[in-house]
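K.L.:
You'll find upload12.pdb just under this line, and it carries PDB, N, CA and C atoms.
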```pdb
ATOM      1  N   MET A   1     132.477  28.157  28.006
ATOM      2  CA  MET A   1     131.493  27.107  27.824
ATOM      3  C   MET A   1     132.076  26.051  26.876
ATOM      4  N   PRO A   2     131.970  24.770  27.237
ATOM      5  CA  PRO A   2     132.534  23.729  26.380
ATOM      6  C   PRO A   2     131.772  23.622  25.058
ATOM      7  N   LYS A   3     132.522  23.265  24.019
ATOM      8  CA  LYS A   3     131.930  23.111  22.690
ATOM      9  C   LYS A   3     131.062  21.849  22.669
ATOM     10  N   THR A   4     129.921  21.936  22.018
ATOM     11  CA  THR A   4     129.052  20.780  21.857
ATOM     12  C   THR A   4     129.619  19.878  20.765
ATOM     13  N   MET A   5     129.672  18.591  21.055
ATOM     14  CA  MET A   5     130.187  17.639  20.077
ATOM     15  C   MET A   5     129.080  17.267  19.099
ATOM     16  N   THR A   6     129.365  17.412  17.829
ATOM     17  CA  THR A   6     128.397  17.043  16.800
ATOM     18  C   THR A   6     128.595  15.579  16.401
ATOM     19  N   GLU A   7     127.657  15.060  15.645
ATOM     20  CA  GLU A   7     127.787  13.692  15.137
ATOM     21  C   GLU A   7     129.046  13.561  14.277
ATOM     22  N   GLU A   8     129.335  14.577  13.492
ATOM     23  CA  GLU A   8     130.538  14.570  12.653
ATOM     24  C   GLU A   8     131.805  14.516  13.513
ATOM     25  N   ASP A   9     131.820  15.296  14.608
ATOM     26  CA  ASP A   9     132.968  15.281  15.525
ATOM     27  C   ASP A   9     133.162  13.885  16.136
ATOM     28  N   LEU A  10     132.056  13.302  16.573
ATOM     29  CA  LEU A  10     132.111  11.975  17.170
ATOM     30  C   LEU A  10     132.619  10.945  16.166
ATOM     31  N   GLU A  11     132.103  11.021  14.950
ATOM     32  CA  GLU A  11     132.544  10.088  13.908
ATOM     33  C   GLU A  11     134.040  10.221  13.658
ATOM     34  N   LYS A  12     134.530  11.447  13.572
ATOM     35  CA  LYS A  12     135.967  11.657  13.344
ATOM     36  C   LYS A  12     136.785  11.101  14.499
ATOM     37  N   GLU A  13     136.346  11.355  15.738
ATOM     38  CA  GLU A  13     137.056  10.821  16.908
ATOM     39  C   GLU A  13     137.109   9.293  16.871
ATOM     40  N   CYS A  14     135.991   8.676  16.540
ATOM     41  CA  CYS A  14     135.942   7.210  16.475
ATOM     42  C   CYS A  14     136.841   6.683  15.372
ATOM     43  N   LEU A  15     136.793   7.309  14.207
ATOM     44  CA  LEU A  15     137.645   6.874  13.099
ATOM     45  C   LEU A  15     139.125   7.028  13.448
ATOM     46  N   ASP A  16     139.465   8.123  14.107
ATOM     47  CA  ASP A  16     140.852   8.322  14.531
ATOM     48  C   ASP A  16     141.284   7.257  15.544
ATOM     49  N   LEU A  17     140.394   6.938  16.479
ATOM     50  CA  LEU A  17     140.697   5.917  17.471
ATOM     51  C   LEU A  17     140.910   4.559  16.803
ATOM     52  N   PHE A  18     139.981   4.162  15.946
ATOM     53  CA  PHE A  18     140.116   2.868  15.265
ATOM     54  C   PHE A  18     141.357   2.832  14.390
ATOM     55  N   SER A  19     141.670   3.944  13.754
ATOM     56  CA  SER A  19     142.872   4.018  12.931
ATOM     57  C   SER A  19     144.120   3.817  13.786
ATOM     58  N   SER A  20     144.140   4.415  14.973
ATOM     59  CA  SER A  20     145.294   4.268  15.867
ATOM     60  C   SER A  20     145.437   2.828  16.372
ATOM     61  N   LEU A  21     144.342   2.074  16.331
ATOM     62  CA  LEU A  21     144.369   0.664  16.742
ATOM     63  C   LEU A  21     144.693  -0.271  15.583
ATOM     64  N   GLY A  22     144.908   0.309  14.404
ATOM     65  CA  GLY A  22     145.311  -0.491  13.256
ATOM     66  C   GLY A  22     144.187  -0.865  12.298
ATOM     67  N   TYR A  23     142.992  -0.363  12.532
ATOM     68  CA  TYR A  23     141.872  -0.661  11.637
ATOM     69  C   TYR A  23     141.888   0.286  10.449
ATOM     70  N   GLY A  24     141.402  -0.205   9.311
ATOM     71  CA  GLY A  24     141.293   0.618   8.117
ATOM     72  C   GLY A  24     139.849   0.978   7.848
ATOM     73  N   ARG A  25     139.640   1.802   6.827
ATOM     74  CA  ARG A  25     138.300   2.223   6.435
ATOM     75  C   ARG A  25     137.947   1.591   5.104
ATOM     76  N   VAL A  26     136.678   1.236   4.952
ATOM     77  CA  VAL A  26     136.179   0.673   3.710
ATOM     78  C   VAL A  26     134.860   1.358   3.391
ATOM     79  N   CYS A  27     134.642   1.675   2.139
ATOM     80  CA  CYS A  27     133.395   2.310   1.727
ATOM     81  C   CYS A  27     132.248   1.310   1.752
ATOM     82  N   GLY A  28     131.073   1.786   2.122
ATOM     83  CA  GLY A  28     129.891   0.938   2.207
ATOM     84  C   GLY A  28     129.622   0.109   0.962
ATOM     85  N   PRO A  29     129.625   0.707  -0.230
ATOM     86  CA  PRO A  29     129.349  -0.091  -1.428
ATOM     87  C   PRO A  29     130.334  -1.240  -1.650
ATOM     88  N   ASP A  30     131.551  -1.105  -1.127
ATOM     89  CA  ASP A  30     132.546  -2.168  -1.295
ATOM     90  C   ASP A  30     132.255  -3.386  -0.429
ATOM     91  N   ILE A  31     131.451  -3.218   0.619
ATOM     92  CA  ILE A  31     131.152  -4.361   1.485
ATOM     93  C   ILE A  31     129.682  -4.761   1.408
ATOM     94  N   SER A  32     128.998  -4.267   0.379
ATOM     95  CA  SER A  32     127.584  -4.583   0.231
ATOM     96  C   SER A  32     127.379  -5.556  -0.922
ATOM     97  N   GLU A  33     126.143  -5.891  -1.140
ATOM     98  CA  GLU A  33     125.773  -6.806  -2.211
ATOM     99  C   GLU A  33     126.397  -6.349  -3.529
ATOM    100  N   GLY A  34     127.131  -7.260  -4.172
ATOM    101  CA  GLY A  34     127.793  -6.941  -5.425
ATOM    102  C   GLY A  34     129.171  -6.343  -5.241
ATOM    103  N   GLY A  35     129.548  -6.004  -3.994
ATOM    104  CA  GLY A  35     130.861  -5.425  -3.725
ATOM    105  C   GLY A  35     131.859  -6.517  -3.381
ATOM    106  N   ILE A  36     132.903  -6.170  -2.619
ATOM    107  CA  ILE A  36     133.941  -7.142  -2.304
ATOM    108  C   ILE A  36     133.479  -8.200  -1.314
ATOM    109  N   ALA A  37     132.409  -7.924  -0.579
ATOM    110  CA  ALA A  37     131.834  -8.901   0.345
ATOM    111  C   ALA A  37     130.377  -9.095  -0.060
ATOM    112  N   GLU A  38     130.168  -9.911  -1.082
ATOM    113  CA  GLU A  38     128.855 -10.002  -1.703
ATOM    114  C   GLU A  38     127.752 -10.495  -0.785
ATOM    115  N   GLU A  39     128.100 -11.223   0.291
ATOM    116  CA  GLU A  39     127.048 -11.721   1.168
ATOM    117  C   GLU A  39     126.389 -10.611   1.977
ATOM    118  N   ARG A  40     126.961  -9.430   1.976
ATOM    119  CA  ARG A  40     126.454  -8.312   2.777
ATOM    120  C   ARG A  40     125.400  -7.528   2.015
ATOM    121  N   LYS A  41     124.272  -7.322   2.647
ATOM    122  CA  LYS A  41     123.221  -6.473   2.114
ATOM    123  C   LYS A  41     123.016  -5.327   3.108
ATOM    124  N   TYR A  42     122.646  -4.176   2.637
ATOM    125  CA  TYR A  42     122.459  -3.019   3.517
ATOM    126  C   TYR A  42     121.403  -3.273   4.577
ATOM    127  N   THR A  43     120.441  -4.147   4.291
ATOM    128  CA  THR A  43     119.368  -4.403   5.243
ATOM    129  C   THR A  43     119.779  -5.364   6.351
ATOM    130  N   GLU A  44     120.937  -6.023   6.234
ATOM    131  CA  GLU A  44     121.379  -6.985   7.237
ATOM    132  C   GLU A  44     122.266  -6.320   8.275
ATOM    133  N   VAL A  45     121.968  -6.583   9.526
ATOM    134  CA  VAL A  45     122.795  -6.071  10.613
ATOM    135  C   VAL A  45     123.841  -7.113  10.982
ATOM    136  N   VAL A  46     123.470  -8.387  10.934
ATOM    137  CA  VAL A  46     124.352  -9.495  11.307
ATOM    138  C   VAL A  46     124.669 -10.318  10.064
ATOM    139  N   LEU A  47     125.930 -10.610   9.856
ATOM    140  CA  LEU A  47     126.340 -11.504   8.768
ATOM    141  C   LEU A  47     126.268 -12.929   9.308
ATOM    142  N   VAL A  48     125.144 -13.586   9.073
ATOM    143  CA  VAL A  48     124.857 -14.868   9.707
ATOM    144  C   VAL A  48     125.899 -15.923   9.348
ATOM    145  N   SER A  49     126.317 -15.989   8.099
ATOM    146  CA  SER A  49     127.305 -17.011   7.727
ATOM    147  C   SER A  49     128.635 -16.786   8.456
ATOM    148  N   ARG A  50     129.036 -15.536   8.610
ATOM    149  CA  ARG A  50     130.276 -15.247   9.349
ATOM    150  C   ARG A  50     130.107 -15.538  10.838
ATOM    151  N   LEU A  51     128.924 -15.230  11.373
ATOM    152  CA  LEU A  51     128.643 -15.533  12.776
ATOM    153  C   LEU A  51     128.736 -17.034  13.019
ATOM    154  N   ARG A  52     128.087 -17.815  12.164
ATOM    155  CA  ARG A  52     128.130 -19.280  12.306
ATOM    156  C   ARG A  52     129.574 -19.799  12.226
ATOM    157  N   ASP A  53     130.320 -19.301  11.258
ATOM    158  CA  ASP A  53     131.711 -19.735  11.106
ATOM    159  C   ASP A  53     132.525 -19.411  12.358
ATOM    160  N   ALA A  54     132.333 -18.210  12.900
ATOM    161  CA  ALA A  54     133.070 -17.806  14.104
ATOM    162  C   ALA A  54     132.673 -18.660  15.301
ATOM    163  N   LEU A  55     131.376 -18.921  15.450
ATOM    164  CA  LEU A  55     130.927 -19.757  16.567
ATOM    165  C   LEU A  55     131.513 -21.162  16.477
ATOM    166  N   ARG A  56     131.555 -21.707  15.269
ATOM    167  CA  ARG A  56     132.156 -23.045  15.088
ATOM    168  C   ARG A  56     133.653 -23.021  15.403
ATOM    169  N   ARG A  57     134.327 -21.974  14.964
ATOM    170  CA  ARG A  57     135.777 -21.877  15.175
ATOM    171  C   ARG A  57     136.111 -21.718  16.657
ATOM    172  N   ILE A  58     135.328 -20.920  17.365
ATOM    173  CA  ILE A  58     135.589 -20.642  18.774
ATOM    174  C   ILE A  58     135.141 -21.797  19.670
ATOM    175  N   ASN A  59     134.084 -22.489  19.271
ATOM    176  CA  ASN A  59     133.471 -23.549  20.087
ATOM    177  C   ASN A  59     133.489 -24.865  19.330
ATOM    178  N   LYS A  60     134.650 -25.419  19.142
ATOM    179  CA  LYS A  60     134.821 -26.592  18.273
ATOM    180  C   LYS A  60     134.070 -27.837  18.733
ATOM    181  N   THR A  61     133.743 -27.935  20.005
ATOM    182  CA  THR A  61     133.165 -29.178  20.510
ATOM    183  C   THR A  61     131.653 -29.141  20.704
ATOM    184  N   ILE A  62     131.017 -27.996  20.465
ATOM    185  CA  ILE A  62     129.577 -27.954  20.706
ATOM    186  C   ILE A  62     128.809 -28.404  19.464
ATOM    187  N   PRO A  63     127.626 -28.998  19.670
ATOM    188  CA  PRO A  63     126.852 -29.505  18.526
ATOM    189  C   PRO A  63     126.263 -28.380  17.675
ATOM    190  N   GLU A  64     125.908 -28.722  16.457
ATOM    191  CA  GLU A  64     125.340 -27.754  15.513
ATOM    192  C   GLU A  64     124.028 -27.155  16.047
ATOM    193  N   THR A  65     123.284 -27.933  16.818
ATOM    194  CA  THR A  65     122.038 -27.402  17.391
ATOM    195  C   THR A  65     122.320 -26.242  18.348
ATOM    196  N   ALA A  66     123.437 -26.302  19.053
ATOM    197  CA  ALA A  66     123.818 -25.202  19.953
ATOM    198  C   ALA A  66     124.217 -23.966  19.134
ATOM    199  N   ILE A  67     124.879 -24.183  18.013
ATOM    200  CA  ILE A  67     125.232 -23.070  17.117
ATOM    201  C   ILE A  67     123.948 -22.407  16.618
ATOM    202  N   ASP A  68     122.987 -23.238  16.183
ATOM    203  CA  ASP A  68     121.705 -22.712  15.699
ATOM    204  C   ASP A  68     121.012 -21.880  16.774
ATOM    205  N   GLU A  69     121.009 -22.374  18.005
ATOM    206  CA  GLU A  69     120.365 -21.663  19.109
ATOM    207  C   GLU A  69     121.074 -20.341  19.401
ATOM    208  N   ALA A  70     122.392 -20.339  19.350
ATOM    209  CA  ALA A  70     123.155 -19.108  19.591
ATOM    210  C   ALA A  70     122.838 -18.069  18.513
ATOM    211  N   VAL A  71     122.761 -18.495  17.266
ATOM    212  CA  VAL A  71     122.431 -17.573  16.172
ATOM    213  C   VAL A  71     121.031 -17.000  16.384
ATOM    214  N   LYS A  72     120.080 -17.855  16.748
ATOM    215  CA  LYS A  72     118.717 -17.383  17.000
ATOM    216  C   LYS A  72     118.689 -16.342  18.116
ATOM    217  N   ARG A  73     119.446 -16.568  19.176
ATOM    218  CA  ARG A  73     119.464 -15.619  20.301
ATOM    219  C   ARG A  73     120.064 -14.280  19.891
ATOM    220  N   VAL A  74     121.086 -14.314  19.046
ATOM    221  CA  VAL A  74     121.692 -13.062  18.580
ATOM    222  C   VAL A  74     120.715 -12.288  17.698
ATOM    223  N   LEU A  75     119.969 -12.998  16.860
ATOM    224  CA  LEU A  75     119.073 -12.340  15.915
ATOM    225  C   LEU A  75     117.751 -11.883  16.535
ATOM    226  N   ARG A  76     117.369 -12.466  17.658
ATOM    227  CA  ARG A  76     116.077 -12.157  18.278
ATOM    228  C   ARG A  76     116.161 -10.842  19.054
ATOM    229  N   THR A  77     115.176  -9.993  18.854
ATOM    230  CA  THR A  77     115.096  -8.764  19.645
ATOM    231  C   THR A  77     114.093  -8.976  20.768
ATOM    232  N   GLU A  78     114.437  -8.493  21.929
ATOM    233  CA  GLU A  78     113.614  -8.693  23.117
ATOM    234  C   GLU A  78     112.743  -7.484  23.429
ATOM    235  N   SER A  79     113.059  -6.353  22.819
ATOM    236  CA  SER A  79     112.404  -5.109  23.204
ATOM    237  C   SER A  79     112.223  -4.215  21.985
ATOM    238  N   GLN A  80     111.316  -3.269  22.100
ATOM    239  CA  GLN A  80     111.170  -2.227  21.075
ATOM    240  C   GLN A  80     112.221  -1.140  21.261
ATOM    241  N   ASP A  81     112.899  -1.160  22.405
ATOM    242  CA  ASP A  81     113.886  -0.142  22.767
ATOM    243  C   ASP A  81     115.270  -0.564  22.279
ATOM    244  N   LEU A  82     115.846   0.218  21.384
ATOM    245  CA  LEU A  82     117.147  -0.098  20.813
ATOM    246  C   LEU A  82     118.242  -0.184  21.869
ATOM    247  N   VAL A  83     118.212   0.700  22.843
ATOM    248  CA  VAL A  83     119.223   0.692  23.910
ATOM    249  C   VAL A  83     119.138  -0.613  24.696
ATOM    250  N   VAL A  84     117.943  -1.026  25.051
ATOM    251  CA  VAL A  84     117.753  -2.290  25.778
ATOM    252  C   VAL A  84     118.275  -3.452  24.951
ATOM    253  N   ASN A  85     117.947  -3.476  23.669
ATOM    254  CA  ASN A  85     118.435  -4.558  22.798
ATOM    255  C   ASN A  85     119.956  -4.564  22.713
ATOM    256  N   ASN A  86     120.571  -3.393  22.627
ATOM    257  CA  ASN A  86     122.032  -3.325  22.582
ATOM    258  C   ASN A  86     122.647  -3.832  23.883
ATOM    259  N   GLN A  87     122.030  -3.498  25.019
ATOM    260  CA  GLN A  87     122.538  -3.977  26.306
ATOM    261  C   GLN A  87     122.414  -5.499  26.403
ATOM    262  N   LEU A  88     121.295  -6.043  25.957
ATOM    263  CA  LEU A  88     121.103  -7.498  25.979
ATOM    264  C   LEU A  88     122.109  -8.196  25.059
ATOM    265  N   PHE A  89     122.322  -7.627  23.889
ATOM    266  CA  PHE A  89     123.302  -8.196  22.963
ATOM    267  C   PHE A  89     124.698  -8.163  23.574
ATOM    268  N   HIS A  90     125.044  -7.062  24.208
ATOM    269  CA  HIS A  90     126.353  -6.944  24.841
ATOM    270  C   HIS A  90     126.529  -8.032  25.899
ATOM    271  N   ARG A  91     125.499  -8.279  26.688
ATOM    272  CA  ARG A  91     125.571  -9.350  27.693
ATOM    273  C   ARG A  91     125.770 -10.719  27.039
ATOM    274  N   LEU A  92     125.098 -10.926  25.909
ATOM    275  CA  LEU A  92     125.235 -12.205  25.198
ATOM    276  C   LEU A  92     126.685 -12.457  24.772
ATOM    277  N   VAL A  93     127.322 -11.447  24.230
ATOM    278  CA  VAL A  93     128.657 -11.652  23.674
ATOM    279  C   VAL A  93     129.781 -11.496  24.687
ATOM    280  N   THR A  94     129.458 -11.013  25.882
ATOM    281  CA  THR A  94     130.532 -10.830  26.865
ATOM    282  C   THR A  94     130.447 -11.772  28.061
ATOM    283  N   SER A  95     129.363 -12.491  28.189
ATOM    284  CA  SER A  95     129.250 -13.368  29.368
ATOM    285  C   SER A  95     129.437 -14.822  28.995
TER     286      SER A  95
END
```
As a first step, turn the structure in this file into structure tokens.
P.N.:
Amino acid sequence: MPKTMTEEDLEKECLDLFSSLGYGRVCGPDISEGGIAEERKYTEVVLVSRLRDALRRINKTIPETAIDEAVKRVLRTESQDLVVNNQLFHRLVTS
């Protein structure tokens, strides 16, 4: 019978995969309010200032109103279902 994968097993597999891709690990307090990335708060899922900067960098010719609308669409939830929201977000960033 195959072994059941625990959350800890999954986390280790993911960390190993990201490590093999060249990513490093950082402790939560170091990237939270008062840490090395002070704009980050534990309650925030999206770093809005970084999102805006990235949108401007990637889309140099679009007006600021379009940037504002894109940020609003990323932050807006369409459903009470987390899976549905994740699927909608994925469509936003990949299409």
K.L.:
Could you give me the residues within chain A that DSSP places in alpha helix (DSSP H), as an mmCIF file with N, CA and C atoms, keeping the file's coordinate frame?
P.N.:
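Generated file (out02.cif):
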```
data_model
loop_
_atom_site.group_PDB
_atom_site.id
_atom_site.type_symbol
_atom_site.label_atom_id
_atom_site.label_comp_id
_atom_site.auth_asym_id
_atom_site.auth_seq_id
_atom_site.Cartn_x
_atom_site.Cartn_y
_atom_site.Cartn_z
ATOM 1 N N GLU A 7 127.657 15.060 15.645
ATOM 2 C CA GLU A 7 127.787 13.692 15.137
ATOM 3 C C GLU A 7 129.046 13.561 14.277
ATOM 4 N N GLU A 8 129.335 14.577 13.492
ATOM 5 C CA GLU A 8 130.538 14.570 12.653
ATOM 6 C C GLU A 8 131.805 14.516 13.513
ATOM 7 N N ASP A 9 131.820 15.296 14.608
ATOM 8 C CA ASP A 9 132.968 15.281 15.525
ATOM 9 C C ASP A 9 133.162 13.885 16.136
ATOM 10 N N LEU A 10 132.056 13.302 16.573
ATOM 11 C CA LEU A 10 132.111 11.975 17.170
ATOM 12 C C LEU A 10 132.619 10.945 16.166
ATOM 13 N N GLU A 11 132.103 11.021 14.950
ATOM 14 C CA GLU A 11 132.544 10.088 13.908
ATOM 15 C C GLU A 11 134.040 10.221 13.658
ATOM 16 N N LYS A 12 134.530 11.447 13.572
ATOM 17 C CA LYS A 12 135.967 11.657 13.344
ATOM 18 C C LYS A 12 136.785 11.101 14.499
ATOM 19 N N GLU A 13 136.346 11.355 15.738
ATOM 20 C CA GLU A 13 137.056 10.821 16.908
ATOM 21 C C GLU A 13 137.109 9.293 16.871
ATOM 22 N N CYS A 14 135.991 8.676 16.540
ATOM 23 C CA CYS A 14 135.942 7.210 16.475
ATOM 24 C C CYS A 14 136.841 6.683 15.372
ATOM 25 N N LEU A 15 136.793 7.309 14.207
ATOM 26 C CA LEU A 15 137.645 6.874 13.099
ATOM 27 C C LEU A 15 139.125 7.028 13.448
ATOM 28 N N ASP A 16 139.465 8.123 14.107
ATOM 29 C CA ASP A 16 140.852 8.322 14.531
ATOM 30 C C ASP A 16 141.284 7.257 15.544
ATOM 31 N N LEU A 17 140.394 6.938 16.479
ATOM 32 C CA LEU A 17 140.697 5.917 17.471
ATOM 33 C C LEU A 17 140.910 4.559 16.803
ATOM 34 N N PHE A 18 139.981 4.162 15.946
ATOM 35 C CA PHE A 18 140.116 2.868 15.265
ATOM 36 C C PHE A 18 141.357 2.832 14.390
ATOM 37 N N SER A 19 141.670 3.944 13.754
ATOM 38 C CA SER A 19 142.872 4.018 12.931
ATOM 39 C C SER A 19 144.120 3.817 13.786
ATOM 40 N N SER A 20 144.140 4.415 14.973
ATOM 41 C CA SER A 20 145.294 4.268 15.867
ATOM 42 C C SER A 20 145.437 2.828 16.372
ATOM 43 N N VAL A 48 125.144 -13.586 9.073
ATOM 44 C CA VAL A 48 124.857 -14.868 9.707
ATOM 45 C C VAL A 48 125.899 -15.923 9.348
ATOM 46 N N SER A 49 126.317 -15.989 8.099
ATOM 47 C CA SER A 49 127.305 -17.011 7.727
ATOM 48 C C SER A 49 128.635 -16.786 8.456
ATOM 49 N N ARG A 50 129.036 -15.536 8.610
ATOM 50 C CA ARG A 50 130.276 -15.247 9.349
ATOM 51 C C ARG A 50 130.107 -15.538 10.838
ATOM 52 N N LEU A 51 128.924 -15.230 11.373
ATOM 53 C CA LEU A 51 128.643 -15.533 12.776
ATOM 54 C C LEU A 51 128.736 -17.034 13.019
ATOM 55 N N ARG A 52 128.087 -17.815 12.164
ATOM 56 C CA ARG A 52 128.130 -19.280 12.306
ATOM 57 C C ARG A 52 129.574 -19.799 12.226
ATOM 58 N N ASP A 53 130.320 -19.301 11.258
ATOM 59 C CA ASP A 53 131.711 -19.735 11.106
ATOM 60 C C ASP A 53 132.525 -19.411 12.358
ATOM 61 N N ALA A 54 132.333 -18.210 12.900
ATOM 62 C CA ALA A 54 133.070 -17.806 14.104
ATOM 63 C C ALA A 54 132.673 -18.660 15.301
ATOM 64 N N LEU A 55 131.376 -18.921 15.450
ATOM 65 C CA LEU A 55 130.927 -19.757 16.567
ATOM 66 C C LEU A 55 131.513 -21.162 16.477
ATOM 67 N N ARG A 56 131.555 -21.707 15.269
ATOM 68 C CA ARG A 56 132.156 -23.045 15.088
ATOM 69 C C ARG A 56 133.653 -23.021 15.403
ATOM 70 N N ARG A 57 134.327 -21.974 14.964
ATOM 71 C CA ARG A 57 135.777 -21.877 15.175
ATOM 72 C C ARG A 57 136.111 -21.718 16.657
ATOM 73 N N ILE A 58 135.328 -20.920 17.365
ATOM 74 C CA ILE A 58 135.589 -20.642 18.774
ATOM 75 C C ILE A 58 135.141 -21.797 19.670
ATOM 76 N N GLU A 64 125.908 -28.722 16.457
ATOM 77 C CA GLU A 64 125.340 -27.754 15.513
ATOM 78 C C GLU A 64 124.028 -27.155 16.047
ATOM 79 N N THR A 65 123.284 -27.933 16.818
ATOM 80 C CA THR A 65 122.038 -27.402 17.391
ATOM 81 C C THR A 65 122.320 -26.242 18.348
ATOM 82 N N ALA A 66 123.437 -26.302 19.053
ATOM 83 C CA ALA A 66 123.818 -25.202 19.953
ATOM 84 C C ALA A 66 124.217 -23.966 19.134
ATOM 85 N N ILE A 67 124.879 -24.183 18.013
ATOM 86 C CA ILE A 67 125.232 -23.070 17.117
ATOM 87 C C ILE A 67 123.948 -22.407 16.618
ATOM 88 N N ASP A 68 122.987 -23.238 16.183
ATOM 89 C CA ASP A 68 121.705 -22.712 15.699
ATOM 90 C C ASP A 68 121.012 -21.880 16.774
ATOM 91 N N GLU A 69 121.009 -22.374 18.005
ATOM 92 C CA GLU A 69 120.365 -21.663 19.109
ATOM 93 C C GLU A 69 121.074 -20.341 19.401
ATOM 94 N N ALA A 70 122.392 -20.339 19.350
ATOM 95 C CA ALA A 70 123.155 -19.108 19.591
ATOM 96 C C ALA A 70 122.838 -18.069 18.513
ATOM 97 N N VAL A 71 122.761 -18.495 17.266
ATOM 98 C CA VAL A 71 122.431 -17.573 16.172
ATOM 99 C C VAL A 71 121.031 -17.000 16.384
ATOM 100 N N LYS A 72 120.080 -17.855 16.748
ATOM 101 C CA LYS A 72 118.717 -17.383 17.000
ATOM 102 C C LYS A 72 118.689 -16.342 18.116
ATOM 103 N N ARG A 73 119.446 -16.568 19.176
ATOM 104 C CA ARG A 73 119.464 -15.619 20.301
ATOM 105 C C ARG A 73 120.064 -14.280 19.891
ATOM 106 N N VAL A 74 121.086 -14.314 19.046
ATOM 107 C CA VAL A 74 121.692 -13.062 18.580
ATOM 108 C C VAL A 74 120.715 -12.288 17.698
ATOM 109 N N LEU A 75 119.969 -12.998 16.860
ATOM 110 C CA LEU A 75 119.073 -12.340 15.915
ATOM 111 C C LEU A 75 117.751 -11.883 16.535
ATOM 112 N N LEU A 82 115.846 0.218 21.384
ATOM 113 C CA LEU A 82 117.147 -0.098 20.813
ATOM 114 C C LEU A 82 118.242 -0.184 21.869
ATOM 115 N N VAL A 83 118.212 0.700 22.843
ATOM 116 C CA VAL A 83 119.223 0.692 23.910
ATOM 117 C C VAL A 83 119.138 -0.613 24.696
ATOM 118 N N VAL A 84 117.943 -1.026 25.051
ATOM 119 C CA VAL A 84 117.753 -2.290 25.778
ATOM 120 C C VAL A 84 118.275 -3.452 24.951
ATOM 121 N N ASN A 85 117.947 -3.476 23.669
ATOM 122 C CA ASN A 85 118.435 -4.558 22.798
ATOM 123 C C ASN A 85 119.956 -4.564 22.713
ATOM 124 N N ASN A 86 120.571 -3.393 22.627
ATOM 125 C CA ASN A 86 122.032 -3.325 22.582
ATOM 126 C C ASN A 86 122.647 -3.832 23.883
ATOM 127 N N GLN A 87 122.030 -3.498 25.019
ATOM 128 C CA GLN A 87 122.538 -3.977 26.306
ATOM 129 C C GLN A 87 122.414 -5.499 26.403
ATOM 130 N N LEU A 88 121.295 -6.043 25.957
ATOM 131 C CA LEU A 88 121.103 -7.498 25.979
ATOM 132 C C LEU A 88 122.109 -8.196 25.059
ATOM 133 N N PHE A 89 122.322 -7.627 23.889
ATOM 134 C CA PHE A 89 123.302 -8.196 22.963
ATOM 135 C C PHE A 89 124.698 -8.163 23.574
ATOM 136 N N HIS A 90 125.044 -7.062 24.208
ATOM 137 C CA HIS A 90 126.353 -6.944 24.841
ATOM 138 C C HIS A 90 126.529 -8.032 25.899
ATOM 139 N N ARG A 91 125.499 -8.279 26.688
ATOM 140 C CA ARG A 91 125.571 -9.350 27.693
ATOM 141 C C ARG A 91 125.770 -10.719 27.039
ATOM 142 N N LEU A 92 125.098 -10.926 25.909
ATOM 143 C CA LEU A 92 125.235 -12.205 25.198
ATOM 144 C C LEU A 92 126.685 -12.457 24.772
ATOM 145 N N VAL A 93 127.322 -11.447 24.230
ATOM 146 C CA VAL A 93 128.657 -11.652 23.674
ATOM 147 C C VAL A 93 129.781 -11.496 24.687
ATOM 148 N N THR A 94 129.458 -11.013 25.882
ATOM 149 C CA THR A 94 130.532 -10.830 26.865
ATOM 150 C C THR A 94 130.447 -11.772 28.061
#
```
K.L.:
Using Å and a single decimal, report how far atom N of Arg76 of chain A sits from atom CA of Leu88 of chain A.
P.N.:
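Spanning atom CA of Leu88 of chain A to atom N of Arg76 of chain A is a straight-line distance of 10.4 Å.
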K.L.:
Which of these, A:Ser20, A:Glu44, A:Arg52, A:Ile31, has the shortest distance to Asp68 of chain A once you count all atoms listed in the file?
P.N.:
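Using all atoms listed in the file, the shortest distance to Asp68 of chain A belongs to A:Arg52.
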K.L.:
Have a look at A:Asn86, A:Glu13, A:Lys41, A:Arg50 and name the one nearest to Gly28 of chain A; count only C-alpha atoms.
P.N.:
A:Lys41
K.L.:
What lies within 8 Å of segment 71-73 of chain A using only N, CA and C atoms, ignoring chain neighbours under 5 positions off, as a PyMOL selection string?
P.N.:
chain A and resi 48+51-52+65-66+89+92
K.L.:
Report the distance between atom C of Gly24 of chain A and atom CA of Glu11 of chain A in Å, rounded to one decimal place.
P.N.:
13.2 Å
K.L.:
So the first atom is atom CA of Lys3 of chain A and the second is atom CA of Phe18 of chain A; what is the distance between them in Å, to one decimal place?
P.N.:
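These atoms are spaced 23.1 Å apart.
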K.L.:
So for segment 45-56 of chain A, what box centre and size do we get, axis-aligned, 8 Å extra on each of the six sides, every listed atom, Å to one decimal, as lines of an AutoDock Vina configuration file?
P.N.:
```
center_x = 127.8
center_y = -14.6
center_z = 12.1
size_x = 27.7
size_y = 33.0
size_z = 24.8
```
